[in-house]
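Just below is one structure, and these are the notes that go with it.
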Amino acid sequence: MNQKDYEQLQTKLSPKTPIGLNLLKAFLVGGIICVIGQAISFFYIMNFDFTERTAGNPTVATMIFISLLLTGFGLYKKLGQFGGAGSAVPVTGFGNAVISAAIEHKTEGLVLGVGGNIFKLAGSVIVFGVVSAFFVALVKLILVTIGVTQW
Amino acid sequence: MKRNVLRFLLLICCIQLMVACSGEQKEKFATYHAAGDNGSQSTIEKLLNDEKSIEKGTAVFVDDVILVGVQIKPFSKLKRTKIEEGLQKKFEKEFPDKEVLVSTDFKISWETQKLMKKELTEKELKKKIKKLQDLAKEET
């Protein structure tokens, strides 16, 4: 059997990914995580001296703490299996990436193991985030210089 | 079993959407003043009324300080800073000798509404307003 025939056979036999259902699940999971984040934000606004602007800091810290607990107990991966990108995109997904890398490399020591590998997954997030922020700022600079928009 | 759970969730979402869309008309503007200064009250109410993108506005004024907390309609939230700056300029033009703070922040408008419901002395009111003004200036 040559490669082309094998590929055709593989395409024919592998199950189709239910894209619609996956989208719905990701939407629901991501949405519920964001609703929980908003509820935590309101909790901080109403019970402490935080404004909408400043409440983001403790909210993110709390969300990452929750993600830490879920990752540590092995529950976040089940959520990821169900929700896909819905659990990976919010900040809890970022927290999960960092925390699970730390847990995985704990046996190799604190400095070289945990410290060296903790940003294994999150490193790309940070690199591409910074690069895209640079390009967005560049585009905005050009638009402001032309006069289309203001800072 | 799984399909039933998903169908149930979908039903809940649809019901939530229908319930959320029926909004009731709440009291739109309210002003509170410690010293009976009715002229300013009507001017403030007119200023707030003219701004179409405000859903609810609360103004508290004592002596030389005016604190205005507004809640903006959801679709206008994209132009939030512009609306806030515009309102601040309008108020400053109308009351040049007073210290005006206009805020679209939820905390400030919620606290201002709470101030209205409580019966405070002028001194306590001033202290609270000062605290809210400091809070509004915080960046992080």
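Letters A, B, ... mark the chains of the structure tokens in the order given; residue numbers begin at 1 per chain; ligand numbers begin at 1, in order shown.
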
Quiz item: Any idea what's packed within 12 Å of B:Lys90, counting only C-alpha atoms, ignoring anything in its chain fewer than 3 positions away? Could you give it as a ChimeraX atom specification?
Solution: /B:43-44,46-48,50-51,83-87,93-96,100-102

Exercise. Pull out every residue of chain B sitting within 8 Å of chain A, counting only C-alpha atoms, and send them as a ChimeraX atom specification.
Key: /B:105-108,135-136,138-140

Quiz prompt | Neighbour list for stretch 130-140 of chain A as a ChimeraX atom specification, cut-off 12 Å, only C-alpha atoms, skip fewer than 6 positions in-chain | solution = /A:123-124,146-151

Exercise. List every residue of chain B that DSSP, applied to the backbone, labels as helix (DSSP H, G or I), and write the result as a ChimeraX atom specification.
Key: /B:2-21,38-50,74-94,106-117,122-137

Quiz item: So which residues touch stretch 83-87 of chain A within 12 Å, counting only C-alpha atoms, skipping near sequence neighbours fewer than 3 positions away, as an NGL selection string?
Solution: :A and (19 or 21-34 or 67 or 70-71 or 75-80 or 90-97)

Exercise. Mind giving me the straight-line distance from atom CA of A:Ile66 to atom CA of B:Lys2 in Å, one decimal?
Key: 26.0 Å

Quiz item: If you count only C-alpha atoms, which residues fall within 12 Å of B:Lys128, apart from same-chain ones fewer than 4 positions away, as number ranges by chain?
Solution: B: 60-62, 65, 67, 108, 111-112, 114-116, 118, 120-124, 132-135

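For the atom pair formed by atom CA of A:Gly115 and atom CA of A:Val127, the distance is 17.7 Å, given to one decimal.
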
Quiz item: How far is it from atom CA of B:Leu78 to atom CA of B:Lys52, in Å with one decimal?
Solution: 14.4 Å
